[in-house]
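What follows is the content of run_20.cif (mmCIF, C-alpha atoms and all ligand atoms).
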data_my_file
loop_
_atom_site.label_atom_id
_atom_site.label_comp_id
_atom_site.auth_asym_id
_atom_site.auth_seq_id
_atom_site.Cartn_x
_atom_site.Cartn_y
_atom_site.Cartn_z
CA MET A 1 0.00 0.00 0.00
CA THR A 2 1.25 3.50 -0.71
CA LYS A 3 0.26 6.84 0.72
CA GLU A 4 1.54 10.02 -0.98
CA GLY A 5 4.14 7.96 -2.76
CA CYS A 6 5.73 6.55 0.40
CA GLU A 7 5.38 2.93 1.16
CA ILE A 8 3.38 2.33 4.29
CA VAL A 9 3.00 -1.03 5.93
CA PHE A 10 0.08 -1.86 8.16
CA TYR A 11 0.91 -4.48 10.76
CA PRO A 12 -2.06 -6.71 11.57
CA VAL A 13 -2.13 -8.52 14.92
CA SER A 14 -2.18 -11.82 13.09
CA GLN A 15 -1.99 -13.32 9.64
CA PRO A 16 -1.54 -16.91 8.53
CA SER A 17 1.53 -18.13 6.64
CA ILE A 18 0.29 -20.18 3.70
CA GLY A 19 2.75 -21.23 1.02
CA SER A 20 2.98 -23.28 -2.15
CA ARG A 21 3.01 -26.63 -0.32
CA GLU A 22 -0.35 -25.80 1.24
CA ALA A 23 -1.74 -24.89 -2.21
CA GLU A 24 -0.29 -28.11 -3.65
CA LEU A 25 -1.89 -30.41 -1.08
CA VAL A 26 -5.26 -28.63 -1.13
CA ALA A 27 -5.25 -28.84 -4.95
CA ASP A 28 -4.47 -32.54 -4.67
CA ALA A 29 -7.45 -33.00 -2.34
CA VAL A 30 -9.71 -31.02 -4.70
CA ASN A 31 -8.54 -32.98 -7.73
CA SER A 32 -9.05 -36.30 -5.95
CA GLY A 33 -12.76 -35.56 -5.72
CA TRP A 34 -12.72 -36.32 -1.98
CA VAL A 35 -13.82 -32.89 -0.85
CA SER A 36 -16.00 -33.80 2.12
CA SER A 37 -15.02 -35.73 5.21
CA ILE A 38 -13.69 -38.92 3.63
CA GLY A 39 -10.17 -38.89 2.20
CA LYS A 40 -6.57 -39.66 2.99
CA TYR A 41 -5.67 -36.29 4.48
CA ILE A 42 -7.96 -36.61 7.48
CA GLN A 43 -6.22 -39.70 8.92
CA MET A 44 -2.86 -38.27 7.92
CA PHE A 45 -3.53 -35.02 9.77
CA GLU A 46 -4.88 -36.85 12.82
CA SER A 47 -1.95 -39.22 13.12
CA ARG A 48 0.64 -36.47 12.58
CA PHE A 49 -1.03 -34.23 15.13
CA ALA A 50 -1.29 -37.04 17.69
CA SER A 51 2.39 -37.90 17.31
CA PHE A 52 3.34 -34.21 17.54
CA CYS A 53 1.47 -33.96 20.87
CA GLY A 54 2.63 -37.36 22.10
CA THR A 55 -0.84 -38.90 22.38
CA LYS A 56 -2.21 -42.18 21.04
CA TYR A 57 -5.23 -40.63 19.35
CA ALA A 58 -6.49 -37.44 17.74
CA VAL A 59 -9.93 -36.64 16.36
CA ALA A 60 -10.21 -33.89 13.73
CA VAL A 61 -13.36 -31.77 13.81
CA SER A 62 -14.88 -28.70 12.18
CA ASN A 63 -13.52 -26.07 14.61
CA GLY A 64 -12.18 -25.52 18.12
CA THR A 65 -15.59 -24.78 19.61
CA THR A 66 -17.08 -28.04 18.33
CA ALA A 67 -13.92 -29.79 19.59
CA LEU A 68 -14.64 -28.47 23.09
CA HIS A 69 -18.31 -29.41 22.88
CA LEU A 70 -17.50 -32.89 21.56
CA ALA A 71 -14.95 -33.51 24.33
CA LEU A 72 -17.49 -32.44 26.97
CA ALA A 73 -20.39 -34.39 25.44
CA ALA A 74 -18.29 -37.55 25.03
CA SER A 75 -17.17 -37.16 28.66
CA GLY A 76 -20.83 -37.34 29.69
CA ILE A 77 -21.14 -33.72 30.85
CA LYS A 78 -24.85 -32.85 30.97
CA ALA A 79 -27.54 -30.60 32.41
CA GLY A 80 -27.18 -30.11 36.15
CA ASP A 81 -23.39 -30.51 36.08
CA GLU A 82 -20.83 -27.81 36.78
CA VAL A 83 -17.61 -27.28 34.86
CA ILE A 84 -14.93 -24.96 36.24
CA VAL A 85 -13.53 -22.53 33.66
CA PRO A 86 -11.11 -19.59 33.99
CA ASP A 87 -12.82 -16.21 33.78
CA LEU A 88 -10.19 -14.88 31.36
CA THR A 89 -10.48 -16.83 28.12
CA PHE A 90 -12.10 -16.71 24.70
CA VAL A 91 -15.87 -17.07 25.09
CA ALA A 92 -15.92 -20.48 23.34
CA THR A 93 -14.57 -22.22 26.47
CA ALA A 94 -17.64 -21.23 28.50
CA ASN A 95 -20.11 -21.48 25.63
CA ALA A 96 -19.19 -25.11 24.92
CA VAL A 97 -20.05 -25.94 28.54
CA THR A 98 -23.37 -24.13 28.15
CA TYR A 99 -24.22 -26.18 25.03
CA THR A 100 -24.19 -29.36 27.14
CA GLY A 101 -26.70 -27.89 29.60
CA ALA A 102 -24.04 -27.77 32.31
CA ARG A 103 -23.08 -24.52 34.03
CA PRO A 104 -19.65 -22.94 33.59
CA VAL A 105 -18.32 -21.88 37.00
CA LEU A 106 -15.98 -18.96 36.39
CA VAL A 107 -12.91 -18.67 38.61
CA ASP A 108 -9.93 -16.36 38.87
CA ILE A 109 -6.52 -16.67 37.26
CA ASP A 110 -2.91 -16.60 38.37
CA PRO A 111 -1.42 -13.22 37.36
CA GLN A 112 1.91 -14.84 36.39
CA THR A 113 0.56 -17.36 33.88
CA LEU A 114 -2.83 -15.69 33.16
CA CYS A 115 -4.15 -19.26 33.47
CA ILE A 116 -6.63 -20.77 35.91
CA ASP A 117 -5.58 -20.54 39.59
CA PRO A 118 -5.59 -24.06 41.13
CA GLU A 119 -6.48 -22.61 44.57
CA ALA A 120 -9.52 -20.91 43.04
CA VAL A 121 -10.49 -24.24 41.44
CA ILE A 122 -10.43 -25.98 44.85
CA ARG A 123 -12.65 -23.26 46.34
CA ALA A 124 -15.17 -23.66 43.50
CA ILE A 125 -15.58 -27.44 43.70
CA THR A 126 -19.06 -28.66 44.69
CA PRO A 127 -20.72 -32.10 44.55
CA ARG A 128 -21.93 -31.13 41.04
CA THR A 129 -18.45 -30.44 39.63
CA ARG A 130 -17.64 -32.86 36.79
CA ALA A 131 -14.74 -31.22 34.98
CA VAL A 132 -12.20 -28.40 34.94
CA ILE A 133 -11.07 -26.76 31.68
CA PRO A 134 -7.66 -25.14 32.12
CA VAL A 135 -6.93 -22.82 29.18
CA HIS A 136 -3.28 -22.41 28.16
CA LEU A 137 -3.89 -18.74 27.54
CA TYR A 138 -1.91 -16.91 24.86
CA GLY A 139 0.40 -19.95 24.63
CA GLN A 140 1.46 -20.24 28.30
CA PRO A 141 0.70 -23.66 29.88
CA ALA A 142 -1.45 -23.71 33.01
CA GLU A 143 -0.18 -25.19 36.30
CA MET A 144 -1.01 -28.78 35.27
CA ASP A 145 0.52 -30.77 38.18
CA SER A 146 -1.74 -29.08 40.74
CA LEU A 147 -4.75 -29.40 38.44
CA MET A 148 -4.14 -33.11 37.78
CA THR A 149 -3.83 -33.70 41.54
CA ILE A 150 -7.12 -31.86 42.10
CA GLY A 151 -8.71 -33.94 39.33
CA LYS A 152 -7.63 -37.20 40.97
CA GLN A 153 -8.53 -36.12 44.47
CA TRP A 154 -12.05 -34.93 43.61
CA GLY A 155 -12.78 -37.30 40.72
CA VAL A 156 -13.22 -34.57 38.12
CA ARG A 157 -12.03 -34.60 34.53
CA ILE A 158 -9.35 -32.24 33.31
CA ILE A 159 -9.97 -31.11 29.73
CA GLU A 160 -7.16 -28.92 28.40
CA ASP A 161 -8.19 -26.02 26.19
CA ALA A 162 -4.98 -25.83 24.15
CA ALA A 163 -6.57 -23.83 21.30
CA GLU A 164 -3.85 -21.17 21.68
CA ALA A 165 -0.92 -23.39 22.62
CA HIS A 166 0.03 -25.98 19.97
CA GLY A 167 3.48 -27.25 20.94
CA ALA A 168 3.66 -25.56 24.36
CA GLU A 169 5.25 -27.71 27.06
CA TYR A 170 4.73 -28.31 30.74
CA LYS A 171 7.64 -30.13 32.43
CA GLY A 172 8.75 -31.54 29.08
CA ARG A 173 5.30 -32.74 28.06
CA LYS A 174 3.30 -31.20 25.26
CA VAL A 175 0.00 -29.60 26.21
CA GLY A 176 -2.95 -31.71 25.11
CA SER A 177 -1.20 -34.86 26.40
CA ILE A 178 -1.48 -34.15 30.13
CA GLY A 179 -5.20 -33.97 30.96
CA GLY A 180 -7.83 -36.55 30.01
CA CYS A 181 -7.89 -34.87 26.61
CA GLY A 182 -6.70 -31.70 24.88
CA VAL A 183 -8.61 -29.41 22.54
CA PHE A 184 -7.05 -27.41 19.69
CA SER A 185 -8.25 -24.84 17.15
CA PHE A 186 -6.96 -24.24 13.63
CA TYR A 187 -8.71 -20.92 13.03
CA GLY A 188 -6.81 -18.52 10.75
CA ASN A 189 -5.07 -16.73 13.61
CA LYS A 190 -3.95 -19.84 15.53
CA VAL A 191 -0.46 -21.42 15.47
CA ILE A 192 -1.35 -23.51 12.43
CA THR A 193 -4.53 -23.12 10.42
CA THR A 194 -6.93 -25.19 8.36
CA GLY A 195 -9.19 -22.19 7.70
CA GLU A 196 -11.66 -23.41 10.30
CA GLY A 197 -10.83 -26.59 12.15
CA GLY A 198 -10.22 -28.29 15.46
CA MET A 199 -8.73 -31.41 17.05
CA ILE A 200 -9.03 -33.37 20.27
CA THR A 201 -6.03 -35.36 21.47
CA THR A 202 -6.24 -38.17 24.02
CA ASP A 203 -4.71 -41.43 25.25
CA ASP A 204 -8.12 -42.69 26.40
CA GLU A 205 -9.34 -45.26 23.87
CA GLU A 206 -12.92 -45.27 25.13
CA LEU A 207 -13.19 -41.48 24.94
CA TYR A 208 -11.57 -41.54 21.49
CA LEU A 209 -14.10 -44.04 20.10
CA ARG A 210 -16.97 -42.14 21.64
CA MET A 211 -15.80 -38.84 20.13
CA ARG A 212 -15.42 -40.47 16.70
CA SER A 213 -18.93 -41.79 16.93
CA LEU A 214 -20.56 -38.57 18.18
CA ARG A 215 -18.66 -36.56 15.54
CA ASP A 216 -20.60 -38.47 12.88
CA HIS A 217 -24.17 -38.57 14.23
CA ALA A 218 -23.42 -41.68 16.32
CA MET A 219 -23.96 -43.89 13.31
CA SER A 220 -23.59 -47.61 13.90
CA ALA A 221 -20.41 -49.06 12.40
CA GLU A 222 -22.26 -52.24 11.39
CA LYS A 223 -25.58 -50.84 10.26
CA ARG A 224 -25.60 -47.79 8.02
CA TYR A 225 -28.08 -45.02 8.96
CA TRP A 226 -28.77 -46.68 12.27
CA HIS A 227 -28.21 -44.18 15.09
CA THR A 228 -28.41 -45.06 18.75
CA GLU A 229 -28.31 -41.55 20.20
CA VAL A 230 -28.29 -37.88 19.16
CA GLY A 231 -24.85 -37.11 17.73
CA PHE A 232 -23.48 -34.20 15.73
CA ASN A 233 -21.96 -33.40 12.37
CA TYR A 234 -18.63 -32.05 13.61
CA ARG A 235 -16.53 -33.60 10.84
CA MET A 236 -13.48 -31.91 9.29
CA THR A 237 -13.24 -31.91 5.50
CA ASN A 238 -10.43 -33.51 3.52
CA LEU A 239 -9.67 -30.03 2.09
CA GLN A 240 -9.11 -28.61 5.58
CA ALA A 241 -7.02 -31.63 6.54
CA ALA A 242 -4.83 -31.24 3.43
CA LEU A 243 -4.08 -27.68 4.53
CA GLY A 244 -3.39 -29.00 8.02
CA VAL A 245 -0.93 -31.64 6.80
CA ALA A 246 1.05 -28.96 4.93
CA GLN A 247 0.99 -26.68 7.97
CA MET A 248 2.24 -29.51 10.22
CA GLU A 249 5.33 -29.78 8.02
CA ARG A 250 6.15 -26.22 9.09
CA ILE A 251 5.02 -26.17 12.71
CA HIS A 252 8.56 -26.24 14.13
CA GLU A 253 9.52 -23.34 11.85
CA PHE A 254 6.47 -21.41 13.11
CA LEU A 255 7.25 -22.12 16.77
CA ASN A 256 10.92 -21.17 16.45
CA LYS A 257 9.97 -17.94 14.74
CA ARG A 258 7.49 -17.07 17.49
CA ARG A 259 10.24 -17.37 20.11
CA LYS A 260 12.47 -15.10 18.02
CA ILE A 261 9.73 -12.51 17.62
CA MET A 262 9.12 -12.53 21.37
CA GLN A 263 12.82 -11.97 22.01
CA TRP A 264 12.87 -9.02 19.57
CA TYR A 265 9.96 -7.48 21.48
CA ARG A 266 11.80 -8.01 24.78
CA ASP A 267 14.92 -6.37 23.36
CA ALA A 268 12.93 -3.40 22.10
CA LEU A 269 10.43 -2.87 24.92
CA GLY A 270 11.81 -4.78 27.91
CA SER A 271 13.41 -1.73 29.51
CA HIS A 272 10.14 0.22 30.00
CA SER A 273 9.32 -0.04 33.69
CA CYS A 274 5.63 0.66 33.00
CA LEU A 275 5.28 -2.41 30.77
CA ARG A 276 5.11 -6.12 31.30
CA LEU A 277 5.51 -8.57 28.46
CA ASN A 278 4.61 -12.30 28.38
CA ARG A 279 5.99 -14.39 31.22
CA GLU A 280 7.24 -17.95 30.86
CA ALA A 281 6.58 -19.92 34.04
CA PRO A 282 9.41 -22.15 35.35
CA ASP A 283 9.48 -25.64 33.80
CA THR A 284 7.20 -24.59 30.97
CA LYS A 285 7.65 -23.66 27.34
CA ASN A 286 5.40 -20.79 26.33
CA ILE A 287 4.81 -20.68 22.57
CA TYR A 288 3.82 -16.98 22.63
CA TRP A 289 0.69 -17.29 20.52
CA MET A 290 0.12 -13.58 21.09
CA VAL A 291 2.54 -10.94 22.24
CA CYS A 292 0.95 -9.72 25.46
CA LEU A 293 1.69 -6.23 26.71
CA GLU A 294 0.34 -5.13 30.08
CA VAL A 295 0.66 -1.51 31.10
CA THR A 296 1.16 -1.34 34.86
CA ARG A 297 -1.05 1.67 35.52
CA ILE A 298 -3.56 2.51 32.84
CA SER A 299 -7.31 3.13 32.77
CA GLU A 300 -9.54 1.43 30.25
CA ALA A 301 -10.05 4.80 28.51
CA GLU A 302 -6.28 5.33 28.30
CA ARG A 303 -5.89 1.87 26.86
CA SER A 304 -8.42 2.71 24.12
CA GLU A 305 -6.45 5.87 23.41
CA LEU A 306 -3.23 3.84 23.26
CA MET A 307 -4.81 1.44 20.79
CA SER A 308 -6.04 4.27 18.55
CA GLN A 309 -2.59 5.85 18.58
CA LEU A 310 -1.09 2.52 17.56
CA ARG A 311 -3.61 2.24 14.76
CA ALA A 312 -2.69 5.76 13.59
CA GLY A 313 0.89 4.47 13.43
CA ASP A 314 -0.29 1.51 11.30
CA VAL A 315 0.06 -0.98 14.13
CA ASP A 316 -2.96 -3.15 14.85
CA SER A 317 -3.60 -4.31 18.40
CA ARG A 318 -6.41 -5.88 20.32
CA PRO A 319 -7.51 -5.80 23.93
CA TYR A 320 -7.19 -8.82 26.22
CA PHE A 321 -10.36 -10.91 26.45
CA TYR A 322 -13.09 -9.47 28.68
CA PRO A 323 -13.84 -11.57 31.74
CA ILE A 324 -16.55 -14.05 30.73
CA SER A 325 -18.42 -13.13 33.93
CA ASP A 326 -18.91 -9.58 32.59
CA LEU A 327 -20.70 -10.79 29.45
CA PRO A 328 -24.49 -10.38 29.60
CA MET A 329 -25.32 -14.08 29.25
CA TYR A 330 -23.19 -15.16 32.21
CA GLN A 331 -23.38 -14.50 35.93
CA PRO A 332 -21.04 -11.98 37.57
CA ALA A 333 -18.07 -13.49 39.44
CA ALA A 334 -15.63 -12.20 42.04
CA THR A 335 -12.46 -12.54 39.99
CA PRO A 336 -10.35 -9.46 40.78
CA ILE A 337 -7.20 -10.61 39.00
CA ALA A 338 -8.96 -11.48 35.76
CA HIS A 339 -10.76 -8.13 35.90
CA ASP A 340 -7.62 -6.12 36.61
CA VAL A 341 -5.39 -7.69 33.97
CA SER A 342 -8.14 -7.76 31.34
CA ARG A 343 -8.42 -3.96 31.50
CA ARG A 344 -4.67 -3.34 31.19
CA GLY A 345 -3.57 -5.77 28.50
CA ILE A 346 -3.24 -5.59 24.73
CA ASN A 347 -1.92 -7.98 22.11
CA LEU A 348 0.56 -6.77 19.51
CA PRO A 349 1.39 -8.16 16.03
CA SER A 350 2.99 -11.59 16.29
CA TYR A 351 2.89 -13.60 13.08
CA THR A 352 5.51 -15.68 11.29
CA ASP A 353 6.37 -13.20 8.54
CA LEU A 354 7.47 -10.44 10.95
CA GLU A 355 11.17 -9.59 10.86
CA GLU A 356 13.36 -7.84 13.40
CA THR A 357 13.09 -4.48 11.59
CA ASP A 358 9.28 -4.77 11.71
CA VAL A 359 9.31 -5.43 15.44
CA ARG A 360 11.64 -2.45 15.96
CA LYS A 361 9.23 -0.22 14.01
CA ILE A 362 6.24 -1.51 15.97
CA ALA A 363 8.09 -0.97 19.26
CA ALA A 364 8.94 2.59 18.24
CA VAL A 365 5.25 3.30 17.58
CA VAL A 366 4.40 1.82 21.01
CA THR A 367 7.05 3.92 22.77
CA GLN A 368 5.91 7.08 21.01
CA ALA A 369 2.26 6.41 21.92
CA LEU A 370 3.16 5.82 25.57
CA ASN A 371 5.10 9.08 25.64
CA GLU A 372 2.22 11.01 24.14
CA LEU A 373 -0.12 9.55 26.73
CA ASN A 374 2.38 10.42 29.44
CA ILE A 375 2.70 6.84 30.56
CA SER A 376 6.13 5.83 31.72
C1 LIG A 401 -9.85 -19.98 19.32
C2 LIG A 401 -10.24 -20.53 20.63
C3 LIG A 401 -11.28 -21.48 20.77
C4 LIG A 401 -12.25 -21.82 19.68
O1 LIG A 401 -11.74 -22.17 18.49
P1 LIG A 401 -12.57 -21.92 17.11
O2 LIG A 401 -11.81 -22.77 16.16
O3 LIG A 401 -12.48 -20.46 16.82
O4 LIG A 401 -13.95 -22.38 17.32
C5 LIG A 401 -11.50 -22.03 22.01
N1 LIG A 401 -10.78 -21.67 23.08
C6 LIG A 401 -9.80 -20.74 23.00
C7 LIG A 401 -9.04 -20.40 24.23
C8 LIG A 401 -9.52 -20.14 21.78
O5 LIG A 401 -8.57 -19.19 21.72
#
If you took the structure in this file and wrote it as structure tokens, what would it be?
Amino acid sequence: MTKEGCEIVFYPVSQPSIGSREAELVADAVNSGWVSSIGKYIQMFESRFASFCGTKYAVAVSNGTTALHLALAASGIKAGDEVIVPDLTFVATANAVTYTGARPVLVDIDPQTLCIDPEAVIRAITPRTRAVIPVHLYGQPAEMDSLMTIGKQWGVRIIEDAAEAHGAEYKGRKVGSIGGCGVFSFYGNKVITTGEGGMITTDDEELYLRMRSLRDHAMSAEKRYWHTEVGFNYRMTNLQAALGVAQMERIHEFLNKRRKIMQWYRDALGSHSCLRLNREAPDTKNIYWMVCLEVTRISEAERSELMSQLRAGDVDSRPYFYPISDLPMYQPAATPIAHDVSRRGINLPSYTDLEETDVRKIAAVVTQALNELNIS
């Protein structure tokens, strides 16, 4: 894009990296005629994703939200149950619980990880609690050891929402392989994309078979068009899976680049005492799905002003998620940490094609905007 003859670059928060290999495999799927949910790429994508995560099984589905719903439904979560969810997450985590008829119980987060606080989980457990969904928010793994202990002790399932954390590690284990199952999204802004798409990883054979069945209207394997219960059409298409297979070939490249980008941001902005960038908790590997910038003291109005100044400098940004408990369809919750951090945080551009000079330019726009707002 050019403005008055000078080249201007607008930096979006996110954009996918799709190359010729992706085009080649999608074209192959199109030309094969297998455009719906039968075809070689689906199994290929599932088995490559399972081995990447270190699980026995993976089930590909139409998106991350249906992946969450399928995992909950196949786990037997139903009306009258409670599922504990962090208050700071994308709305899909809570909505998927609501679809089952169960109630999402919203609890506070740990300010270091921005993930669910295990102490808050313990306080929220009731005789109706059936599951906890830790979300590995913005790529940082949740405190899984404590959560797995809680799960065992109280007999509740741990379903990892890893939609933002493909490849992140907790004590050397990949997320999605630690809880009873792990849920991923392949939306266009996620670590890898299939356009729309999702996956559930698990080592639990029974859960795996049940998810495969419910994904396809619970049709009998022996008797075609015989259905024993109400299932769903949550299938992924062969076209999406072809894109996914090509993206999996590059996932290590994507993850390495994300670490580099994060380091460039730290080099450029790390010295501002008013700012806090992403943390990486001990014994974990954060994959930095989004660059997270928290301004220590800032009002919500000032944050809006900061974001408009960034936009004027051709830098896109977005606010942290709002606490789910503030949304009109959910009940208010006493979650002071989620509320505080949600008001102060923004996400900055963090996609594979960024180079060091881009990050320097973005950081200069951020510094300038902070100066103009008198924040330091
Ligand atoms: C993206 C996302 C989802 C939902 O994924 P979709 O593919 O967009 O349906 C669920 N949970 C979290 C935390 C997400 O970021």
Test item: residues no farther than 9 Å from ligand LIG 401 (chain A), counting only C-alpha atoms and all ligand atoms, as a PDB file with C-alpha atoms, in the coordinates of the input:
ATOM      1  CA  SER A  62     -14.880 -28.700  12.180  1.00  0.00           C
ATOM      2  CA  ASN A  63     -13.520 -26.070  14.610  1.00  0.00           C
ATOM      3  CA  GLY A  64     -12.180 -25.520  18.120  1.00  0.00           C
ATOM      4  CA  THR A  65     -15.590 -24.780  19.610  1.00  0.00           C
ATOM      5  CA  THR A  66     -17.080 -28.040  18.330  1.00  0.00           C
ATOM      6  CA  ALA A  67     -13.920 -29.790  19.590  1.00  0.00           C
ATOM      7  CA  LEU A  68     -14.640 -28.470  23.090  1.00  0.00           C
ATOM      8  CA  THR A  89     -10.480 -16.830  28.120  1.00  0.00           C
ATOM      9  CA  PHE A  90     -12.100 -16.710  24.700  1.00  0.00           C
ATOM     10  CA  VAL A  91     -15.870 -17.070  25.090  1.00  0.00           C
ATOM     11  CA  ALA A  92     -15.920 -20.480  23.340  1.00  0.00           C
ATOM     12  CA  THR A  93     -14.570 -22.220  26.470  1.00  0.00           C
ATOM     13  CA  ALA A  94     -17.640 -21.230  28.500  1.00  0.00           C
ATOM     14  CA  ALA A  96     -19.190 -25.110  24.920  1.00  0.00           C
ATOM     15  CA  VAL A 135      -6.930 -22.820  29.180  1.00  0.00           C
ATOM     16  CA  HIS A 136      -3.280 -22.410  28.160  1.00  0.00           C
ATOM     17  CA  LEU A 137      -3.890 -18.740  27.540  1.00  0.00           C
ATOM     18  CA  TYR A 138      -1.910 -16.910  24.860  1.00  0.00           C
ATOM     19  CA  ASP A 161      -8.190 -26.020  26.190  1.00  0.00           C
ATOM     20  CA  ALA A 162      -4.980 -25.830  24.150  1.00  0.00           C
ATOM     21  CA  ALA A 163      -6.570 -23.830  21.300  1.00  0.00           C
ATOM     22  CA  GLU A 164      -3.850 -21.170  21.680  1.00  0.00           C
ATOM     23  CA  ALA A 165      -0.920 -23.390  22.620  1.00  0.00           C
ATOM     24  CA  VAL A 183      -8.610 -29.410  22.540  1.00  0.00           C
ATOM     25  CA  PHE A 184      -7.050 -27.410  19.690  1.00  0.00           C
ATOM     26  CA  SER A 185      -8.250 -24.840  17.150  1.00  0.00           C
ATOM     27  CA  PHE A 186      -6.960 -24.240  13.630  1.00  0.00           C
ATOM     28  CA  TYR A 187      -8.710 -20.920  13.030  1.00  0.00           C
ATOM     29  CA  GLY A 188      -6.810 -18.520  10.750  1.00  0.00           C
ATOM     30  CA  ASN A 189      -5.070 -16.730  13.610  1.00  0.00           C
ATOM     31  CA  LYS A 190      -3.950 -19.840  15.530  1.00  0.00           C
ATOM     32  CA  GLY A 195      -9.190 -22.190   7.700  1.00  0.00           C
ATOM     33  CA  GLU A 196     -11.660 -23.410  10.300  1.00  0.00           C
ATOM     34  CA  GLY A 197     -10.830 -26.590  12.150  1.00  0.00           C
ATOM     35  CA  GLY A 198     -10.220 -28.290  15.460  1.00  0.00           C
TER      36      GLY A 198
END
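Residue nearest Pro16 of chain A, chosen from A:Thr194, A:Met248, A:Val295, A:Ile287 and counting all atoms listed in the file: A:Thr194.
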| field | Minimum-distance residue to Ala246 of chain A, chosen among A:Ala71, A:Val366, A:Met329, A:Met44 (using only C-alpha atoms) | value | A:Met44
Leaving out segment 122-126 of chain A and any residue of its chain fewer than 2 positions from it, which residues lie within 8 Å of it when counting only C-alpha atoms, given as an mmCIF file with C-alpha atoms, in the coordinates of the input?
data_model
loop_
_atom_site.group_PDB
_atom_site.id
_atom_site.type_symbol
_atom_site.label_atom_id
_atom_site.label_comp_id
_atom_site.auth_asym_id
_atom_site.auth_seq_id
_atom_site.Cartn_x
_atom_site.Cartn_y
_atom_site.Cartn_z
ATOM 1 C CA ILE A 84 -14.930 -24.960 36.240
ATOM 2 C CA VAL A 105 -18.320 -21.880 37.000
ATOM 3 C CA VAL A 107 -12.910 -18.670 38.610
ATOM 4 C CA PRO A 118 -5.590 -24.060 41.130
ATOM 5 C CA GLU A 119 -6.480 -22.610 44.570
ATOM 6 C CA ALA A 120 -9.520 -20.910 43.040
ATOM 7 C CA ARG A 128 -21.930 -31.130 41.040
ATOM 8 C CA THR A 129 -18.450 -30.440 39.630
ATOM 9 C CA ILE A 150 -7.120 -31.860 42.100
#
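Between atom CA of Tyr351 of chain A and atom CA of Tyr11 of chain A the interatomic distance comes to 9.6 Å.
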| query | Pick from A:Ser325, A:Thr228, A:Thr352, A:Thr335: nearest to Ile261 of chain A, with all atoms listed in the file counted? | reply | A:Thr352
| message | Between A:Asn286, A:Leu293, A:Pro141, A:Leu70, which residue has the minimum interatomic distance to Gly270 of chain A, considering all atoms listed in the file? | response | A:Leu293
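Taking atom CA of Arg266 of chain A and atom CA of Glu280 of chain A as endpoints, the distance between them is 12.5 Å.
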| note | Pairwise distance, atom CA of Ala58 of chain A with atom CA of Gly101 of chain A, equals 25.3 Å
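In terms of minimum interatomic distance to Met219 of chain A, A:Phe232 ranks closest within A:Asp28, A:Gly182, A:Tyr320, A:Phe232, counting only C-alpha atoms.
Ranking A:Glu355, A:Thr193, A:Gln309, A:Gly39 by their shortest atom-to-atom distance to Gln368 of chain A, with only C-alpha atoms included, puts A:Gln309 first.
With only C-alpha atoms taken into account, the protein and nucleic acid residues at most 10 Å from Glu302 of chain A (excluding it and anything under 4 positions from it in its own chain) are Arg297, Ile298, Leu306, Met307, Ser308, Arg344, Leu370, Leu373 and Ile375 of chain A.
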| message | Show me, as a VMD selection string, the residues that have an atom within 12 Å of Gly33 of chain A when counting only C-alpha atoms, minus same-chain residues fewer than 6 positions from it. | response | chain A and resid 26 to 27 39 to 40 237 to 239
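Shell of Val132 of chain A at 10 Å, with all atoms listed in the file counted and residues fewer than 6 places along the chain excluded, is Glu82, Val83, Ile84, Val85, Pro86, Pro104, Val105, Ile116, Val121, Ile125, Leu147, Met148, Ile150, Gly151, Val156, Arg157, Ile158, Ile159, Glu160, Asp161 and Gly179 of chain A.
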| message | Excluding Asp87 of chain A and its own-chain neighbours fewer than 4 positions away, which residues fall within 6 Å of it when counting all atoms listed in the file? Please give them as a ChimeraX atom specification. | response | /A:106-108,323-324
Let's have the selection written as a PDB file, in the frame of the given file, with C-alpha atoms.
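Saved the output as out-v7.pdb:
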ATOM      1  CA  LEU A 106     -15.980 -18.960  36.390  1.00  0.00           C
ATOM      2  CA  VAL A 107     -12.910 -18.670  38.610  1.00  0.00           C
ATOM      3  CA  ASP A 108      -9.930 -16.360  38.870  1.00  0.00           C
ATOM      4  CA  PRO A 323     -13.840 -11.570  31.740  1.00  0.00           C
ATOM      5  CA  ILE A 324     -16.550 -14.050  30.730  1.00  0.00           C
TER       6      ILE A 324
END
